[in-house]
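S.K.: A single structure is presented below for examination.
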Amino acid sequence: MRRDGTGRTGSVTEPRTRERGRPATAGDEVAALCADLIRFETVNRGEGDARPERPAAEHVAALLDEAGAEPVIVESAPGRASVLARIPGTDPAHPAFLVHGHLDVVPADPAEWSVHPFSGEIRDDGCVWGRGAVDMKGTLAMTLAVVRQRLREGRRTRGDLILAFLADEECTGEFGSRYVARQHRDLFTGCTEAISESGGFSVATGGDARIYPIATGERGTMWMRLTARGKAGHGSKPAPDNAVAEIAHAVSRLASYQWPVRITPGVRALLDGLAEALGTTIDHDRLDEEARRLGAPGRLFESTIRNSANPTRLDAGYKINVVPGTAYAQVDGRYLPGTGEEFLATVDRLLGPKVTREFVNYEEAPAADPAGPTFAALAAALRAEDPAARPVPYVMGGGTDAKSFNRIGITSYGFAPLLLGPELDYFGMFHGVDERVPVEGLRFGTRVLDRFLDTR
C-alpha cells in the first residue's frame, strides 16, 4: 500500500525489483523514485502562492546523503527550500558541471484526471502517473538514480558535479534559482555549462528514425502588467473615457496580431537538422504549413518561429453600475533571441497611448552552442542507447531556470532523455491531464545520463 497526495492509501503496481544479491542500479530504482517524488504536492500557483517545497527538499537531500553526497538545504523564505550539492571530481583543475531541476509543479484538478494527480501510481500500462511525471519529477528521479548509483560504485565525474534542485521554477524563480544564483554564487565557481529539463525526449517520425530535440536556447520572457486609466462614473451615463473598454481594446489588438516569422540561428539549425533526419525539404517561406505537414516533428518549431504576447488575466471594477477609473490586464510575452527591441516596439504600438505597461518578469533569451563539444557528447549518449536516434538542436518556446544561471555565466542545455512510445504525446501531456511516463523510458534516460556524465 502507498499513500497518494491526498493522504489516502491505495494499491499500485510495484516497479521491477533487482535480482537478489545484485546492488541496485539506477534503472532498478528510478520508477519508485519518480513515484515518491510525485506524491509531494509542491504546487506552485504563482505570485508567492505555493505549497512549501521543504518536505520534497528534505526527501531529496536524504536520498543524496544516503549515497554519500553532502547536500545542503537552503531557504529563500519559510518553506521555500532548494537542495544544493557539489560532488568532487577526479581532477580539481577540470571545469565543474551543473545538473539543475526543480521541486515545484503546476496545479492539477483531480476531477479531470483518471487517477489522483499526486498518487504516483505505477499502473499496469507500465507508466508512472501523476503531475510532473513527464516533466520535472521524472527528470529529478533520473538524476537522483544515476548520481546515487555512481556514488555507490565510486565513479566520479572528471570535474566537480554540481546539483541544484530548486524551488519556484514554475513562477519567476525568485524563491529558487534567482535566490541561489545571488546568495550561493560560490557553489558554482568554475562552472560554465549545465543540463536541465525539456529536451532529449524522443519524437516519433512515422519511419525508422526517432528525433531527439536537445534544447540549445529559449525564448526570452516579458510578463507584463497593463494599466488603463479613465474617468470613473455612474454606469448609466455616457463614459467616453472608459478604462475597461480601453484595456479590452488593447488586449484584443494584442491577441489578434499575427507576429511575423523570424528565423533565428537556433531555429535554422533545428530546421536543417529535421530536414536531414526526415529526408525531406522544409520550405522556410511556409513554416506554419510545414509544421502541420510534419506532424509531431513540426511541433518542435511551431511556437519558436515568431514572438508571442498572450493576454492571460483581466481585472477591473467593483460594482456593475460603476465605471471604474482603472482597469488591468496581464500578458505573457515571449520573444526570440535578438528580437527584444522589436517585440517591445510592437507591443507599445498595439497598446496605444492610453495603456501603460510594466514588467512583472523580464528574462533575456539564453542560447547554447549546437556545434560545440557538449552538444556532441549529449547526442552521442543518445545514439549509443538508441541507434535510431537523430538528435537535433531546438529552441524552447517556454522557459526554465536556465535563464537565472545564464545571468552568472552558466549555459544550459535542455536535456532530460526519455524514450517515449508514439502513442504518448509529450507536448500534450506536459502540464496536461493524465500526465505519465513509461518506466522503460525512465530507465533509458538513466543509461543515457550515465553515459553523458562519463564525459564530464
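Chain labels follow the order of the C-alpha cells: the first chain is A, the next B, and so on; residue numbering restarts at 1 in every chain, and ligands are counted from 1 in their shown order.
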Can you list, as a PyMOL selection string, every protein, DNA or RNA residue that comes within 8 Å of Glu41 in chain A when you count only C-alpha atoms, leaving out same-chain residues fewer than 2 positions away?

M.R.: chain A and resi 5+38-39+43+51+105+118

S.K.: Keeping only N, CA and C atoms, write those residues as a short mmCIF file (atom, residue, chain, number, x, y, z; two decimals), in the first residue's frame.

M.R.:
data_model
loop_
_atom_site.label_atom_id
_atom_site.label_comp_id
_atom_site.auth_asym_id
_atom_site.auth_seq_id
_atom_site.Cartn_x
_atom_site.Cartn_y
_atom_site.Cartn_z
N GLY A 5 -1.24 11.69 -2.85
CA GLY A 5 -1.05 13.07 -2.42
C GLY A 5 -2.15 13.58 -1.52
N ILE A 38 6.42 12.38 -6.97
CA ILE A 38 5.12 12.88 -7.41
C ILE A 38 4.20 13.08 -6.21
N ARG A 39 4.35 12.27 -5.18
CA ARG A 39 3.43 12.31 -4.03
C ARG A 39 3.61 13.57 -3.17
N VAL A 43 2.75 22.26 -5.18
CA VAL A 43 2.02 23.03 -6.19
C VAL A 43 2.36 24.51 -6.09
N ARG A 51 2.67 25.81 -2.24
CA ARG A 51 2.90 24.91 -1.11
C ARG A 51 4.40 24.80 -0.90
N VAL A 105 5.63 22.05 -8.97
CA VAL A 105 4.84 21.68 -10.15
C VAL A 105 3.68 22.65 -10.29
N PHE A 118 -1.58 13.31 -7.68
CA PHE A 118 -0.44 13.19 -6.77
C PHE A 118 -0.38 11.81 -6.13
#

S.K.: Rank A:Asp208, A:Asp348, A:Asp450, A:Asp434 by their smallest atom-to-atom distance to Trp129 in chain A, using only C-alpha atoms, and report the top residue only.

M.R.: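 Counting only C-alpha atoms, the residue closest to Trp129 in chain A is A:Asp434.
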
S.K.: Can you tell me, as a PyMOL selection string, what residues are no more than 7 Å from Gln149 in chain A when counting only C-alpha atoms, ignoring any on the same chain fewer than 4 positions away?

M.R.: chain A and resi 25-26+145+153

S.K.: Counting only C-alpha atoms, which residue out of A:Glu341, A:Glu276, A:Asp65, A:Glu358 sits closest to Asn307 in chain A?

M.R.: A:Glu341

S.K.: Within 12 Å of Ala291 in chain A, counting only C-alpha atoms, which residues show up once you throw out same-chain ones fewer than 3 positions away? Write them as a VMD selection string, please.

M.R.: chain A and resid 271 274 to 275 282 to 288 294 to 305

S.K.: Any chance you can output those residues with N, CA, C and O atoms as a compact mmCIF listing (two decimals), in the first residue's frame?

M.R.:
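What follows is the written file part.txt:
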# COMPACT_ATOMS: atom_id res chain seq x y z
N LEU A 271 15.65 23.44 -38.12
CA LEU A 271 15.04 23.14 -39.41
C LEU A 271 15.98 22.33 -40.29
O LEU A 271 15.56 21.36 -40.94
N LEU A 274 16.11 18.75 -38.81
CA LEU A 274 14.90 17.99 -39.10
C LEU A 274 14.86 17.55 -40.56
O LEU A 274 14.49 16.41 -40.87
N ALA A 275 15.21 18.46 -41.46
CA ALA A 275 15.19 18.12 -42.88
C ALA A 275 16.12 16.95 -43.17
O ALA A 275 15.76 16.02 -43.90
N ILE A 282 12.25 21.48 -46.12
CA ILE A 282 11.33 22.31 -45.35
C ILE A 282 11.36 23.70 -45.95
O ILE A 282 12.41 24.35 -45.99
N ASP A 283 10.21 24.15 -46.42
CA ASP A 283 10.09 25.45 -47.05
C ASP A 283 10.05 26.53 -45.97
O ASP A 283 9.07 26.66 -45.24
N HIS A 284 11.09 27.32 -45.87
CA HIS A 284 11.19 28.35 -44.84
C HIS A 284 10.20 29.49 -45.05
O HIS A 284 9.99 30.30 -44.15
N ASP A 285 9.63 29.57 -46.25
CA ASP A 285 8.65 30.61 -46.53
C ASP A 285 7.23 30.19 -46.18
O ASP A 285 6.30 31.01 -46.29
N ARG A 286 7.04 28.94 -45.75
CA ARG A 286 5.70 28.43 -45.43
C ARG A 286 5.77 27.58 -44.15
O ARG A 286 5.29 26.46 -44.10
N LEU A 287 6.37 28.14 -43.12
CA LEU A 287 6.67 27.32 -41.94
C LEU A 287 5.42 26.91 -41.17
O LEU A 287 5.41 25.84 -40.55
N ASP A 288 4.38 27.71 -41.16
CA ASP A 288 3.15 27.28 -40.49
C ASP A 288 2.58 26.04 -41.16
O ASP A 288 2.18 25.07 -40.50
N LEU A 294 4.41 18.19 -41.11
CA LEU A 294 5.37 17.28 -40.47
C LEU A 294 4.81 16.60 -39.23
O LEU A 294 5.42 15.65 -38.73
N GLY A 295 3.70 17.06 -38.71
CA GLY A 295 3.10 16.41 -37.54
C GLY A 295 3.93 16.65 -36.29
O GLY A 295 4.31 17.79 -35.97
N ALA A 296 4.23 15.57 -35.56
CA ALA A 296 4.94 15.70 -34.28
C ALA A 296 6.27 16.44 -34.41
O ALA A 296 6.57 17.32 -33.60
N PRO A 297 7.12 16.13 -35.39
CA PRO A 297 8.36 16.91 -35.51
C PRO A 297 8.11 18.40 -35.75
O PRO A 297 8.89 19.25 -35.31
N GLY A 298 7.01 18.73 -36.44
CA GLY A 298 6.71 20.12 -36.69
C GLY A 298 6.38 20.90 -35.44
O GLY A 298 6.55 22.13 -35.40
N ARG A 299 5.92 20.21 -34.41
CA ARG A 299 5.59 20.90 -33.16
C ARG A 299 6.84 21.43 -32.46
O ARG A 299 6.75 22.25 -31.56
N LEU A 300 8.01 20.96 -32.89
CA LEU A 300 9.25 21.43 -32.28
C LEU A 300 9.56 22.87 -32.65
O LEU A 300 10.30 23.55 -31.94
N PHE A 301 9.02 23.34 -33.79
CA PHE A 301 9.32 24.72 -34.18
C PHE A 301 8.10 25.61 -34.33
O PHE A 301 8.23 26.82 -34.54
N GLU A 302 6.89 25.06 -34.20
CA GLU A 302 5.71 25.86 -34.48
C GLU A 302 5.57 27.07 -33.54
O GLU A 302 5.01 28.10 -33.93
N SER A 303 6.09 26.97 -32.30
CA SER A 303 5.95 28.09 -31.36
C SER A 303 7.22 28.91 -31.22
O SER A 303 7.27 29.83 -30.40
N THR A 304 8.24 28.59 -32.02
CA THR A 304 9.51 29.32 -31.87
C THR A 304 9.94 30.00 -33.17
O THR A 304 11.09 30.39 -33.31
N ILE A 305 9.03 30.16 -34.10
CA ILE A 305 9.36 30.88 -35.33
C ILE A 305 8.88 32.32 -35.28
O ILE A 305 9.09 33.08 -36.22

S.K.: Which one is closest to Thr356 in chain A: A:Ala327, A:Ala62, A:Ala416, A:Ala381? Count only C-alpha atoms.

M.R.: A:Ala327

S.K.: Let me make sure I understand: among A:Arg262, A:Lys354, A:Arg131, A:Arg156, which one has the smallest atom-to-atom distance to Gly432 in chain A if we use only C-alpha atoms?

M.R.: A:Arg131

S.K.: List as a PyMOL selection string the protein and nucleic acid residues near Ala167 in chain A, meaning an atom at most 12 Å away when only C-alpha atoms are counted, but skip any in the same chain fewer than 5 places from it.

M.R.: chain A and resi 42-44+46+48+50-57+73-84+100-105+136+172-180+400-401

S.K.: My list of candidates is A:Met224, A:Ala402, A:Ala277, A:Ala67. Which is closest to Leu344 in chain A when distances are computed with only C-alpha atoms?

M.R.: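 Closest to Leu344 in chain A of all the choices is A:Met224.
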
S.K.: Report, in Å to a single decimal, how far apart CA of Phe452 in chain A and CA of Arg436 in chain A are.

M.R.: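 Pair CA of Arg436 in chain A / CA of Phe452 in chain A returns 24.7 Å.
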